[in-house]
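**Q** input.cif is reproduced below (mmCIF, C-alpha atoms and all ligand atoms).
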data_model
loop_
_atom_site.label_atom_id
_atom_site.label_comp_id
_atom_site.auth_asym_id
_atom_site.auth_seq_id
_atom_site.Cartn_x
_atom_site.Cartn_y
_atom_site.Cartn_z
CA MET A 211 -4.41 22.86 -13.02
CA ALA A 212 -2.84 19.43 -12.93
CA ASN A 213 -4.59 16.61 -14.74
CA LEU A 214 -4.89 13.66 -12.33
CA GLU A 215 -6.22 11.17 -14.90
CA ILE A 216 -4.41 7.90 -15.38
CA ASP A 217 -4.66 5.13 -17.92
CA PHE A 218 -4.64 1.92 -15.90
CA CYS A 219 -4.66 -1.28 -17.95
CA GLY A 220 -6.48 0.62 -20.70
CA VAL A 221 -9.13 1.93 -18.30
CA ARG A 222 -9.26 5.68 -17.73
CA ILE A 223 -9.45 6.58 -14.04
CA LYS A 224 -10.04 10.23 -13.10
CA ASN A 225 -7.40 10.17 -10.36
CA PRO A 226 -5.06 7.50 -8.99
CA LEU A 227 -6.63 7.17 -5.53
CA VAL A 228 -8.83 4.13 -5.13
CA ALA A 229 -10.62 2.86 -2.02
CA ALA A 230 -9.07 -0.56 -1.35
CA SER A 231 -11.13 -3.71 -1.03
CA ALA A 232 -12.12 -3.84 2.65
CA GLU A 233 -14.88 -2.76 5.05
CA PRO A 234 -15.19 0.74 3.47
CA THR A 235 -16.26 -1.11 0.29
CA LEU A 236 -18.28 -3.82 2.04
CA ASN A 237 -21.51 -3.16 0.11
CA ALA A 238 -23.15 -0.69 -2.28
CA LYS A 239 -23.98 1.73 0.52
CA ASN A 240 -20.36 1.95 1.64
CA MET A 241 -18.95 2.05 -1.89
CA LYS A 242 -21.23 4.98 -2.77
CA LYS A 243 -19.77 6.86 0.20
CA CYS A 244 -16.27 6.28 -1.19
CA ILE A 245 -17.40 7.46 -4.62
CA ASP A 246 -18.91 10.62 -3.11
CA THR A 247 -15.45 11.67 -1.91
CA GLY A 248 -14.21 12.07 -5.48
CA ALA A 249 -11.83 9.09 -5.30
CA GLY A 250 -10.95 7.67 -8.72
CA GLY A 251 -12.68 4.42 -7.88
CA VAL A 252 -13.46 1.64 -5.46
CA ILE A 253 -12.41 -1.97 -5.25
CA ALA A 254 -15.33 -3.92 -3.89
CA LYS A 255 -14.84 -6.17 -0.87
CA THR A 256 -13.63 -9.54 -2.17
CA MET A 257 -16.53 -11.69 -3.41
CA THR A 258 -16.06 -15.32 -2.39
CA ASP A 259 -17.47 -18.82 -2.59
CA SER A 260 -15.97 -19.65 0.80
CA ALA A 261 -18.66 -19.75 3.50
CA ALA A 262 -15.96 -19.62 6.19
CA MET A 263 -14.47 -16.40 4.77
CA ARG A 264 -17.92 -14.82 4.48
CA GLU A 265 -18.87 -15.75 8.03
CA LEU A 266 -15.60 -14.42 9.47
CA THR A 267 -16.50 -10.89 8.39
CA THR A 268 -19.64 -11.00 10.52
CA ARG A 269 -17.30 -11.47 13.54
CA ALA A 270 -14.57 -9.08 12.35
CA LYS A 271 -12.45 -7.28 14.96
CA TRP A 272 -9.82 -4.62 14.74
CA ARG A 273 -7.77 -2.36 16.94
CA PHE A 274 -5.76 0.74 16.11
CA LEU A 275 -2.45 0.54 17.98
CA ASN A 276 -0.05 3.31 18.95
CA GLN A 277 3.76 3.30 18.56
CA LYS A 278 4.05 1.07 21.67
CA HIS A 279 1.58 -1.34 20.11
CA GLU A 280 -1.00 -0.63 22.77
CA VAL A 281 -4.64 -0.09 21.83
CA CYS A 282 -5.32 3.58 21.01
CA ARG A 283 -8.17 5.05 23.02
CA GLY A 284 -9.01 8.31 21.31
CA LYS A 285 -6.39 9.94 19.14
CA VAL A 286 -4.77 7.61 16.63
CA PRO A 287 -1.20 8.72 15.80
CA ARG A 288 0.13 8.94 12.26
CA SER A 289 2.39 5.96 12.81
CA PHE A 290 -0.42 3.63 13.89
CA SER A 291 -0.78 -0.07 13.28
CA LEU A 292 -4.08 -1.63 12.32
CA TYR A 293 -4.36 -5.09 13.85
CA SER A 294 -7.37 -6.89 12.46
CA ARG A 295 -9.27 -10.10 11.84
CA SER A 296 -11.74 -9.94 8.99
CA GLY A 297 -12.93 -12.15 6.16
CA LEU A 298 -14.30 -11.45 2.69
CA ALA A 299 -17.66 -10.14 1.41
CA ILE A 300 -20.52 -11.29 3.62
CA GLU A 301 -23.10 -12.00 0.92
CA PRO A 302 -22.84 -15.08 -1.30
CA PRO A 303 -21.85 -14.22 -4.89
CA GLU A 304 -25.40 -14.19 -6.32
CA ASP A 305 -26.36 -11.52 -3.76
CA PHE A 306 -23.10 -9.58 -3.75
CA ILE A 307 -23.38 -9.14 -7.52
CA LYS A 308 -26.50 -7.04 -6.89
CA GLU A 309 -24.38 -4.71 -4.71
CA ILE A 310 -21.85 -4.46 -7.54
CA LYS A 311 -24.51 -3.64 -10.14
CA GLU A 312 -26.04 -0.96 -7.93
CA THR A 313 -22.60 0.57 -7.33
CA LEU A 314 -21.73 0.47 -11.03
CA LYS A 315 -24.81 2.53 -11.87
CA TYR A 316 -23.90 5.12 -9.23
CA ALA A 317 -20.24 5.16 -10.30
CA GLU A 318 -21.20 5.89 -13.89
CA GLN A 319 -23.02 9.03 -12.81
CA HIS A 320 -19.96 10.14 -10.80
CA ASP A 321 -17.16 9.30 -13.23
CA ALA A 322 -15.73 6.65 -10.89
CA VAL A 323 -14.46 3.15 -11.61
CA VAL A 324 -15.68 0.04 -9.80
CA ILE A 325 -13.15 -2.78 -9.69
CA GLY A 326 -14.36 -6.28 -8.81
CA SER A 327 -12.34 -8.39 -6.38
CA ILE A 328 -12.64 -12.16 -6.14
CA GLY A 329 -11.32 -14.97 -3.94
CA SER A 330 -12.20 -18.64 -4.41
CA VAL A 331 -11.16 -21.91 -2.80
CA GLU A 332 -11.17 -23.90 -6.09
CA LEU A 333 -9.55 -23.39 -9.50
CA ASP A 334 -12.95 -23.51 -11.24
CA GLY A 335 -14.40 -21.20 -8.62
CA TRP A 336 -11.97 -18.41 -9.58
CA VAL A 337 -13.20 -18.65 -13.16
CA THR A 338 -16.86 -18.69 -12.14
CA LEU A 339 -16.47 -15.67 -9.85
CA GLY A 340 -14.46 -13.84 -12.51
CA LYS A 341 -17.17 -14.36 -15.12
CA GLN A 342 -19.91 -13.28 -12.70
CA MET A 343 -18.03 -10.04 -12.03
CA GLU A 344 -17.41 -9.44 -15.71
CA ASP A 345 -21.08 -10.07 -16.54
CA ALA A 346 -22.04 -7.55 -13.86
CA GLY A 347 -20.10 -4.95 -15.85
CA VAL A 348 -16.86 -4.22 -13.98
CA PRO A 349 -14.07 -2.94 -16.28
CA LEU A 350 -11.29 -4.49 -14.16
CA LEU A 351 -10.93 -7.53 -11.95
CA GLU A 352 -8.60 -8.00 -8.97
CA LEU A 353 -7.72 -11.53 -7.83
CA ASN A 354 -7.03 -11.57 -4.11
CA PHE A 355 -3.98 -13.81 -3.60
CA GLY A 356 -2.90 -11.78 -0.60
CA CYS A 357 -5.51 -11.99 2.16
CA PRO A 358 -3.55 -13.09 5.27
CA HIS A 359 -6.43 -14.65 7.22
CA PRO A 360 -6.86 -17.97 5.33
CA LYS A 361 -3.34 -18.82 6.53
CA LEU A 362 -4.81 -18.89 10.05
CA MET A 363 -7.87 -20.93 9.03
CA PRO A 364 -7.03 -24.60 8.39
CA GLY A 365 -8.34 -25.93 5.08
CA VAL A 366 -9.25 -22.55 3.53
CA ARG A 367 -7.20 -22.46 0.32
CA THR A 368 -7.50 -18.88 -0.81
CA GLY A 369 -5.78 -15.50 -0.24
CA MET A 370 -2.13 -15.79 0.74
CA ASN A 371 -2.32 -19.59 0.68
CA VAL A 372 -2.56 -19.09 -3.09
CA GLY A 373 -0.10 -16.19 -3.19
CA GLN A 374 2.57 -18.37 -1.58
CA ASP A 375 2.06 -21.16 -4.11
CA PHE A 376 3.46 -19.55 -7.26
CA ASP A 377 2.56 -22.39 -9.63
CA TYR A 378 -1.06 -22.55 -8.48
CA ALA A 379 -1.28 -18.74 -8.56
CA CYS A 380 -0.15 -18.69 -12.19
CA GLU A 381 -2.53 -21.54 -13.05
CA ILE A 382 -5.47 -19.55 -11.65
CA THR A 383 -4.30 -16.36 -13.36
CA GLN A 384 -4.11 -18.09 -16.71
CA ALA A 385 -7.51 -19.74 -16.29
CA VAL A 386 -9.23 -16.46 -15.36
CA ALA A 387 -7.38 -14.41 -18.00
CA GLN A 388 -8.55 -16.86 -20.67
CA ALA A 389 -12.12 -16.87 -19.38
CA VAL A 390 -12.73 -13.10 -19.15
CA LYS A 391 -12.10 -10.18 -21.49
CA VAL A 392 -11.54 -7.51 -18.82
CA PRO A 393 -7.96 -6.89 -17.66
CA ILE A 394 -7.02 -8.71 -14.46
CA MET A 395 -4.87 -7.48 -11.60
CA ILE A 396 -3.25 -9.87 -9.14
CA LYS A 397 -3.06 -8.74 -5.51
CA VAL A 398 -0.14 -10.56 -3.92
CA THR A 399 1.04 -11.25 -0.39
CA PRO A 400 4.33 -9.68 0.73
CA GLN A 401 5.08 -12.80 2.77
CA VAL A 402 7.19 -14.52 0.14
CA SER A 403 10.89 -14.28 -0.63
CA ASP A 404 10.62 -12.68 -4.07
CA LEU A 405 7.91 -10.76 -5.89
CA VAL A 406 9.86 -9.72 -8.98
CA GLU A 407 10.14 -13.03 -10.80
CA PHE A 408 6.63 -13.89 -9.59
CA SER A 409 5.25 -10.66 -11.10
CA GLY A 410 6.86 -11.61 -14.41
CA SER A 411 5.29 -15.07 -14.27
CA LEU A 412 1.89 -13.55 -13.51
CA ARG A 413 2.28 -11.23 -16.49
CA ASP A 414 3.17 -14.19 -18.69
CA ALA A 415 0.08 -15.98 -17.37
CA GLY A 416 -2.12 -13.09 -18.51
CA ALA A 417 -2.17 -10.52 -15.72
CA ALA A 418 -2.36 -6.89 -16.86
CA ALA A 419 -1.33 -5.60 -13.43
CA VAL A 420 0.04 -6.65 -10.08
CA THR A 421 -1.20 -5.15 -6.83
CA LEU A 422 1.75 -4.79 -4.47
CA THR A 423 0.91 -5.84 -1.72
CA ASN A 424 -1.67 -7.10 0.76
CA ARG A 425 -0.88 -7.12 4.50
CA PHE A 426 1.30 -9.10 6.88
CA ILE A 427 0.37 -11.46 9.72
CA GLY A 428 1.39 -10.29 13.19
CA PHE A 429 1.07 -11.17 16.87
CA VAL A 430 0.66 -8.60 19.66
CA PRO A 431 0.49 -9.53 23.38
CA ASP A 432 -1.23 -7.29 25.92
CA ILE A 433 1.28 -7.17 28.80
CA GLU A 434 -1.40 -6.28 31.37
CA THR A 435 -3.44 -9.43 30.78
CA GLY A 436 -0.70 -11.70 29.38
CA LYS A 437 -3.06 -12.52 26.52
CA PRO A 438 -2.81 -11.62 22.84
CA LEU A 439 -4.90 -8.75 21.50
CA ILE A 440 -8.12 -9.86 19.79
CA TYR A 441 -7.41 -13.51 20.73
CA GLY A 442 -4.25 -14.23 18.72
CA GLN A 443 -2.52 -13.67 15.41
CA ALA A 444 -4.14 -11.20 13.03
CA GLY A 445 -3.50 -9.17 9.91
CA VAL A 446 -1.26 -6.19 10.58
CA GLY A 447 -0.26 -3.10 8.66
CA GLY A 448 -0.17 0.66 8.81
CA PRO A 449 1.78 3.59 7.43
CA TRP A 450 5.07 2.06 8.67
CA THR A 451 4.83 -0.68 6.03
CA LYS A 452 5.21 1.86 3.20
CA PRO A 453 8.98 1.47 2.58
CA LEU A 454 8.59 -2.31 2.49
CA THR A 455 5.87 -2.03 -0.13
CA LEU A 456 7.72 0.62 -2.14
CA ARG A 457 10.73 -1.66 -2.28
CA TRP A 458 8.72 -4.15 -4.33
CA ILE A 459 7.14 -1.46 -6.48
CA ASN A 460 10.63 -0.12 -7.16
CA GLU A 461 11.92 -3.56 -8.17
CA VAL A 462 8.94 -4.53 -10.30
CA ARG A 463 9.09 -1.13 -12.05
CA GLN A 464 12.79 -1.60 -12.77
CA ALA A 465 12.29 -5.14 -14.04
CA TYR A 466 9.18 -4.69 -16.18
CA ASN A 467 8.66 -0.99 -16.90
CA GLY A 468 5.99 -0.70 -19.57
CA GLU A 469 5.18 -4.43 -19.52
CA ILE A 470 2.89 -4.58 -16.50
CA PHE A 471 0.79 -2.03 -14.62
CA ILE A 472 1.28 -1.61 -10.88
CA ALA A 473 -1.33 -0.88 -8.22
CA GLY A 474 0.22 0.03 -4.87
CA THR A 475 -1.28 -0.73 -1.47
CA ASN A 476 -0.10 -1.36 2.11
CA GLY A 477 1.16 1.78 3.78
CA ALA A 478 -0.34 4.79 1.99
CA TYR A 479 -1.53 7.18 4.69
CA ASP A 480 -1.99 10.51 2.90
CA TRP A 481 -1.33 12.38 -0.35
CA ARG A 482 2.42 12.54 0.40
CA ASP A 483 2.46 8.76 0.49
CA ILE A 484 0.42 8.61 -2.71
CA VAL A 485 3.11 10.72 -4.38
CA MET A 486 5.78 8.35 -3.06
CA PHE A 487 3.89 5.33 -4.39
CA ILE A 488 3.56 7.01 -7.81
CA MET A 489 7.19 8.12 -7.91
CA SER A 490 8.17 4.52 -7.09
CA GLY A 491 6.12 3.26 -10.03
CA ALA A 492 2.52 2.65 -8.90
CA HIS A 493 -0.06 3.79 -11.46
CA ILE A 494 -2.85 3.76 -8.87
CA VAL A 495 -2.87 3.63 -5.06
CA GLU A 496 -5.34 1.61 -3.00
CA MET A 497 -6.04 3.02 0.47
CA CYS A 498 -7.75 1.27 3.37
CA SER A 499 -6.43 1.65 6.96
CA ALA A 500 -6.42 5.45 7.07
CA VAL A 501 -9.99 5.50 5.77
CA MET A 502 -11.00 2.95 8.40
CA CYS A 503 -9.45 5.23 11.01
CA TYR A 504 -10.46 8.72 9.91
CA GLY A 505 -13.56 8.05 7.78
CA TYR A 506 -14.52 8.36 4.11
CA ASN A 507 -13.76 12.08 3.86
CA TRP A 508 -10.08 11.25 4.32
CA LEU A 509 -10.09 10.21 0.65
CA LYS A 510 -11.39 13.60 -0.45
CA LYS A 511 -8.61 15.41 1.42
CA GLN A 512 -5.96 13.25 -0.21
CA VAL A 513 -7.23 13.86 -3.75
CA LYS A 514 -7.10 17.61 -3.02
CA GLY A 515 -3.64 17.30 -1.41
CA LEU A 516 -2.32 15.45 -4.44
CA GLU A 517 -3.75 18.05 -6.81
CA ASP A 518 -2.26 20.94 -4.79
CA PHE A 519 1.14 19.24 -4.63
CA MET A 520 1.21 18.74 -8.39
CA ASP A 521 0.22 22.36 -9.02
CA GLU A 522 2.85 23.61 -6.61
CA LYS A 523 5.59 21.50 -8.17
CA GLY A 524 4.46 22.06 -11.73
CA TYR A 525 3.62 18.43 -12.52
CA LYS A 526 0.95 18.57 -15.20
CA THR A 527 0.11 14.86 -15.31
CA ILE A 528 0.50 11.75 -13.15
CA ASP A 529 2.66 10.26 -15.91
CA GLU A 530 5.24 13.01 -15.33
CA MET A 531 5.76 11.69 -11.78
CA LEU A 532 5.34 8.01 -12.54
CA GLY A 533 8.37 5.96 -11.48
CA ILE A 534 10.76 8.94 -11.49
CA ALA A 535 12.33 7.96 -8.15
CA SER A 536 12.72 4.33 -9.19
CA ASP A 537 14.25 5.36 -12.50
CA SER A 538 16.86 7.53 -10.79
CA ALA A 539 17.86 5.00 -8.13
CA ILE A 540 21.45 3.79 -8.46
CA ALA A 541 23.32 0.69 -7.31
CA TYR A 542 25.39 0.55 -4.13
CA SER A 543 28.49 0.27 -6.30
CA ASP A 544 27.75 3.57 -8.08
CA MET A 545 27.22 5.75 -5.02
CA PRO A 546 29.32 8.95 -5.11
CA ALA A 547 31.85 9.72 -2.35
CA GLU A 548 30.56 12.26 0.17
CA LYS A 549 31.89 14.15 3.18
CA ALA A 550 30.21 16.09 5.98
CA LYS A 551 30.82 19.81 6.44
CA VAL A 552 30.03 21.90 9.54
CA ILE A 553 28.87 25.48 8.90
CA ALA A 554 30.56 27.06 11.93
CA GLU A 555 28.26 30.04 12.36
CA LYS A 556 25.17 27.80 12.40
CA CYS A 557 26.52 25.14 14.79
CA VAL A 558 25.03 25.40 18.30
CA ASN A 559 27.75 23.13 19.72
CA CYS A 560 25.22 20.66 21.14
CA LYS A 561 27.60 17.78 20.32
CA MET A 562 24.81 15.49 19.09
CA CYS A 563 26.88 14.85 15.97
CA LEU A 564 29.77 13.54 18.09
CA LYS A 565 27.50 10.84 19.52
CA ALA A 566 26.31 9.84 16.05
CA CYS A 567 29.79 9.58 14.48
CA PHE A 568 31.46 6.18 14.40
CA ALA A 569 34.32 7.08 12.04
CA ASP A 570 36.01 9.50 14.46
CA ALA A 571 35.33 12.29 11.98
CA MET A 572 33.33 14.77 14.09
CA GLN A 573 35.67 16.63 16.40
CA GLU A 574 34.97 18.71 19.47
CA GLY A 575 35.89 22.39 19.13
CA GLU A 576 35.72 25.29 21.51
CA LYS A 577 32.77 27.04 19.86
CA HIS A 578 31.59 24.49 17.31
CA THR A 579 32.30 20.97 16.12
CA TRP A 580 34.42 20.39 13.04
CA VAL A 581 35.02 17.51 10.63
CA ASN A 582 38.26 15.59 10.18
CA HIS A 583 37.86 14.88 6.47
CA ASP A 584 40.52 12.16 6.50
CA ASN A 585 38.21 10.08 8.65
CA CYS A 586 34.78 11.14 7.34
CA ILE A 587 33.04 8.53 5.20
CA GLY A 588 29.99 10.72 4.46
CA CYS A 589 27.53 8.41 6.20
CA GLY A 590 25.16 11.28 7.13
CA GLY A 591 24.57 10.28 10.75
CA CYS A 592 25.66 13.75 11.94
CA TYR A 593 23.44 15.41 9.33
CA SER A 594 20.43 13.45 10.55
CA VAL A 595 20.78 14.19 14.27
CA CYS A 596 21.88 17.85 14.01
CA PRO A 597 19.08 20.03 15.46
CA ALA A 598 20.44 23.33 14.05
CA GLU A 599 19.07 23.90 10.57
CA GLY A 600 21.80 24.07 7.96
CA ALA A 601 24.67 23.52 10.43
CA VAL A 602 25.75 20.22 8.84
CA GLU A 603 25.85 19.66 5.10
CA ILE A 604 26.80 16.62 3.09
CA GLU A 605 28.85 17.32 -0.02
CA VAL A 606 29.73 15.11 -2.94
CA VAL A 607 33.51 14.95 -3.34
CA PRO A 608 35.28 14.19 -6.63
C1 LIG A 701 -10.21 -4.90 7.94
C2 LIG A 701 -9.59 -5.13 6.61
C3 LIG A 701 -10.28 -5.86 5.66
C4 LIG A 701 -9.70 -6.11 4.41
N1 LIG A 701 -10.39 -6.84 3.47
C5 LIG A 701 -9.84 -7.07 2.25
C6 LIG A 701 -10.56 -7.78 1.26
O1 LIG A 701 -11.70 -8.20 1.43
N2 LIG A 701 -9.92 -7.99 0.07
C7 LIG A 701 -8.67 -7.53 -0.20
O2 LIG A 701 -8.15 -7.72 -1.30
N3 LIG A 701 -7.99 -6.83 0.74
C8 LIG A 701 -8.54 -6.59 1.95
N4 LIG A 701 -7.87 -5.85 2.87
C9 LIG A 701 -6.56 -5.26 2.51
C10 LIG A 701 -6.75 -3.82 1.99
O3 LIG A 701 -7.46 -3.81 0.79
C11 LIG A 701 -5.41 -3.09 1.76
O4 LIG A 701 -4.77 -3.66 0.65
C12 LIG A 701 -4.49 -3.16 2.97
O5 LIG A 701 -5.18 -2.82 4.14
C13 LIG A 701 -3.26 -2.28 2.80
O6 LIG A 701 -3.59 -0.95 2.54
P1 LIG A 701 -3.54 0.18 3.70
O7 LIG A 701 -2.14 0.29 4.18
O8 LIG A 701 -4.05 1.43 3.03
O9 LIG A 701 -4.45 -0.29 4.79
C14 LIG A 701 -8.41 -5.60 4.12
C15 LIG A 701 -7.73 -4.85 5.08
C16 LIG A 701 -8.30 -4.62 6.31
C17 LIG A 701 -7.55 -3.81 7.32
#
Produce structure tokens that represent the structure in this file.

**A**
Amino acid sequence: MANLEIDFCGVRIKNPLVAASAEPTLNAKNMKKCIDTGAGGVIAKTMTDSAAMRELTTRAKWRFLNQKHEVCRGKVPRSFSLYSRSGLAIEPPEDFIKEIKETLKYAEQHDAVVIGSIGSVELDGWVTLGKQMEDAGVPLLELNFGCPHPKLMPGVRTGMNVGQDFDYACEITQAVAQAVKVPIMIKVTPQVSDLVEFSGSLRDAGAAAVTLTNRFIGFVPDIETGKPLIYGQAGVGGPWTKPLTLRWINEVRQAYNGEIFIAGTNGAYDWRDIVMFIMSGAHIVEMCSAVMCYGYNWLKKQVKGLEDFMDEKGYKTIDEMLGIASDSAIAYSDMPAEKAKVIAEKCVNCKMCLKACFADAMQEGEKHTWVNHDNCIGCGGCYSVCPAEGAVEIEVVP
């Protein structure tokens, strides 16, 4: 049986799936439900000294949207969007710490890790919150520089308002890293031009890990009413964001392999996605939207799915999969030459490939299409649209 354990910033976690900081980790009661699923750990809802961010959560709203970006009523499709307005932990720090302590006790009995998350509006506040979390006993601390909502709340300088100010973000990171002994992870916003150099600066400032990434801000009108859904702009994400997130994980892995740990979040829907995150370079994967949609037990299914996949493929440890896709990615300039090939007996002559060819390579034949190799550039359009299994192949040419 595969061993799902992972060393993350020196902390052993029994498997790489962690419930992300959000409503499923809003308090001890919710966090215990996450722990019961067998997930490797939980990241508590972000503890904050901002009254505005605490109050917002008491008026939180969200909608699951379908592919047309209409509100789902009933079945939520795999390619959903979660459009939401929510704040940070509802209780003030002195009360929220009690929830953390209660969860830590429970987690110890269930071999799960509780990660503290903090978000302040002042430099000193980050240090104070960090120390409070450390004193409570968490082995890891996540600094939330990615929450999209403060951007929409004038005067609230936390979340992505920090994540977009690289100098201030590094200043906070350094201050907290110097003040606490536990490793710190920095959860960043994707709404910046570059996360690679920034990740390096955060590492230099004392971060043990980066969490790539929090969610985007979006805007969705309801065409029936002419008004925006849930009153205006909101946080947006869903499984469709995965390639955008993996792009950054890929780049940070390539730039700093072995120098910084990576937590992946924003777009992991199921165990297949967890595998993709790991193969891109994420040591652990934080999951939120799918749990909010399908319930806590979703986590349990994904741990099992990951274990079964590893057994089937013969991966004995998470480390064997870690970053393997990123490490085998090659530059545009090094791509091999390729050509399409039609397997005549499998072609059903539907001519879909003709419509998808822009190099004048696919040619109409009496019984099947054929490829003019002088024109074929090996783009793979024909291969992608062909409905007959095995009728089009792409071959590397010398
Ligand atoms: C309703 C909601 C509340 C969230 N609250 C927090 C939070 O308090 N702190 C935080 O760091 N991230 C928060 N997040 C972001 C999630 O932790 C997670 O990183 C994000 O949703 C992307 O992961 P996913 O694609 O699995 O949903 C929240 C997300 C949602 C949808």

**Q** What is the distance, in Å and to one decimal place, between atom CA of A:Leu509 and atom CA of A:Arg425?

**A**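 The value is 20.0 Å.
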
**Q** If the limit is 6 Å from any atom of ligand LIG 701 (chain A), counting all atoms listed in the file, which residues qualify? Return them as JSON, numbers by chain.

**A** {"A": [230, 231, 232, 233, 255, 256, 294, 296, 298, 354, 357, 424, 425, 447, 448, 475, 476, 477, 478, 497, 498, 499]}

**Q** Select, from A:Lys556, A:Lys577, A:Lys510, A:Lys565, the residue with the minimum atom-to-atom distance to A:Gly600, counting only C-alpha atoms.

**A**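 Once distances to A:Gly600 are computed over only C-alpha atoms, the minimum belongs to A:Lys556.
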
**Q** Using all atoms listed in the file, can you tell me which of A:Ala419, A:Ala601, A:Val446, A:Val552 comes closest to A:Gly468?

**A**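 Of A:Ala419, A:Ala601, A:Val446, A:Val552, the one nearest A:Gly468 is A:Ala419, counting all atoms listed in the file.
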
**Q** Just give me the residues with any atom within 12 Å of (-22.1, -13.0, 10.1), file coordinates, counting all atoms listed in the file, written as a PyMOL selection string.

**A** chain A and resi 261-270+296-302

**Q** Given the choices A:Ile433, A:Val221, A:Val390, A:Met562, which gets closest to A:Gly416 if the distance is worked out from all atoms listed in the file?

**A** A:Val390

**Q** Excluding A:Tyr466 and residues on its chain fewer than 3 positions from it, collect all residues at most 9 Å away from it, counting all atoms listed in the file, and give them as a PyMOL selection string.

**A** chain A and resi 406+409-410+461-463+469-471

**Q** Kindly give the distance, in Å, that separates atom CA of A:Asn460 and atom CA of A:Val485, rounded to a single decimal.

**A**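 Answer for the atom CA of A:Asn460 to atom CA of A:Val485 separation: 13.5 Å.
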
**Q** Quick one: everything within 7 Å of A:Val392, counting all atoms listed in the file, minus sequence neighbours fewer than 6 positions away in the same chain. Send it as a PyMOL selection string.

**A** chain A and resi 344+349-351

**Q** Mind dumping the selected residues with C-alpha atoms as a short mmCIF file (atom, residue, chain, number, x, y, z; two decimals), in the frame of the given file?

**A**
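The resulting part_37.cif:
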data_model
loop_
_atom_site.label_atom_id
_atom_site.label_comp_id
_atom_site.auth_asym_id
_atom_site.auth_seq_id
_atom_site.Cartn_x
_atom_site.Cartn_y
_atom_site.Cartn_z
CA GLU A 344 -17.41 -9.44 -15.71
CA PRO A 349 -14.07 -2.94 -16.28
CA LEU A 350 -11.29 -4.49 -14.16
CA LEU A 351 -10.93 -7.53 -11.95
#

**Q** Check the smallest atom-to-atom distance from each of A:Glu280, A:Asp480, A:Glu304, A:His359 to A:Val501 using all atoms listed in the file, then report the winner.

**A**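 Among the listed residues, A:Asp480 lies closest to A:Val501.
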
**Q** One number please: atom CA of A:Val323 to atom CA of A:Thr235, in Å, one decimal.

**A**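 A separation of 12.8 Å between them.
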
**Q** For A:Phe426, which residue out of A:Cys563, A:Ile253, A:Val324, A:Leu292 is the nearest one, using all atoms listed in the file?

**A** A:Leu292

**Q** Got a sec: who's within 8 Å of A:His320, counting only C-alpha atoms, leaving out chain neighbours fewer than 2 positions off, as a list of chain:residue names?

**A**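 Counting only C-alpha atoms, the residues come to A:Ile245, A:Asp246, A:Tyr316, A:Ala317, A:Glu318, A:Ala322.
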
**Q** List the neighbours of stretch 412-415 of chain A out to 7 Å using all atoms listed in the file; skip same-chain residues closer than 4 positions along the sequence, and give me the result as a list of chain:residue names.

**A**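 My list of contacting residues is A:Cys380, A:Thr383, A:Gln384, A:Phe408, A:Ile470.
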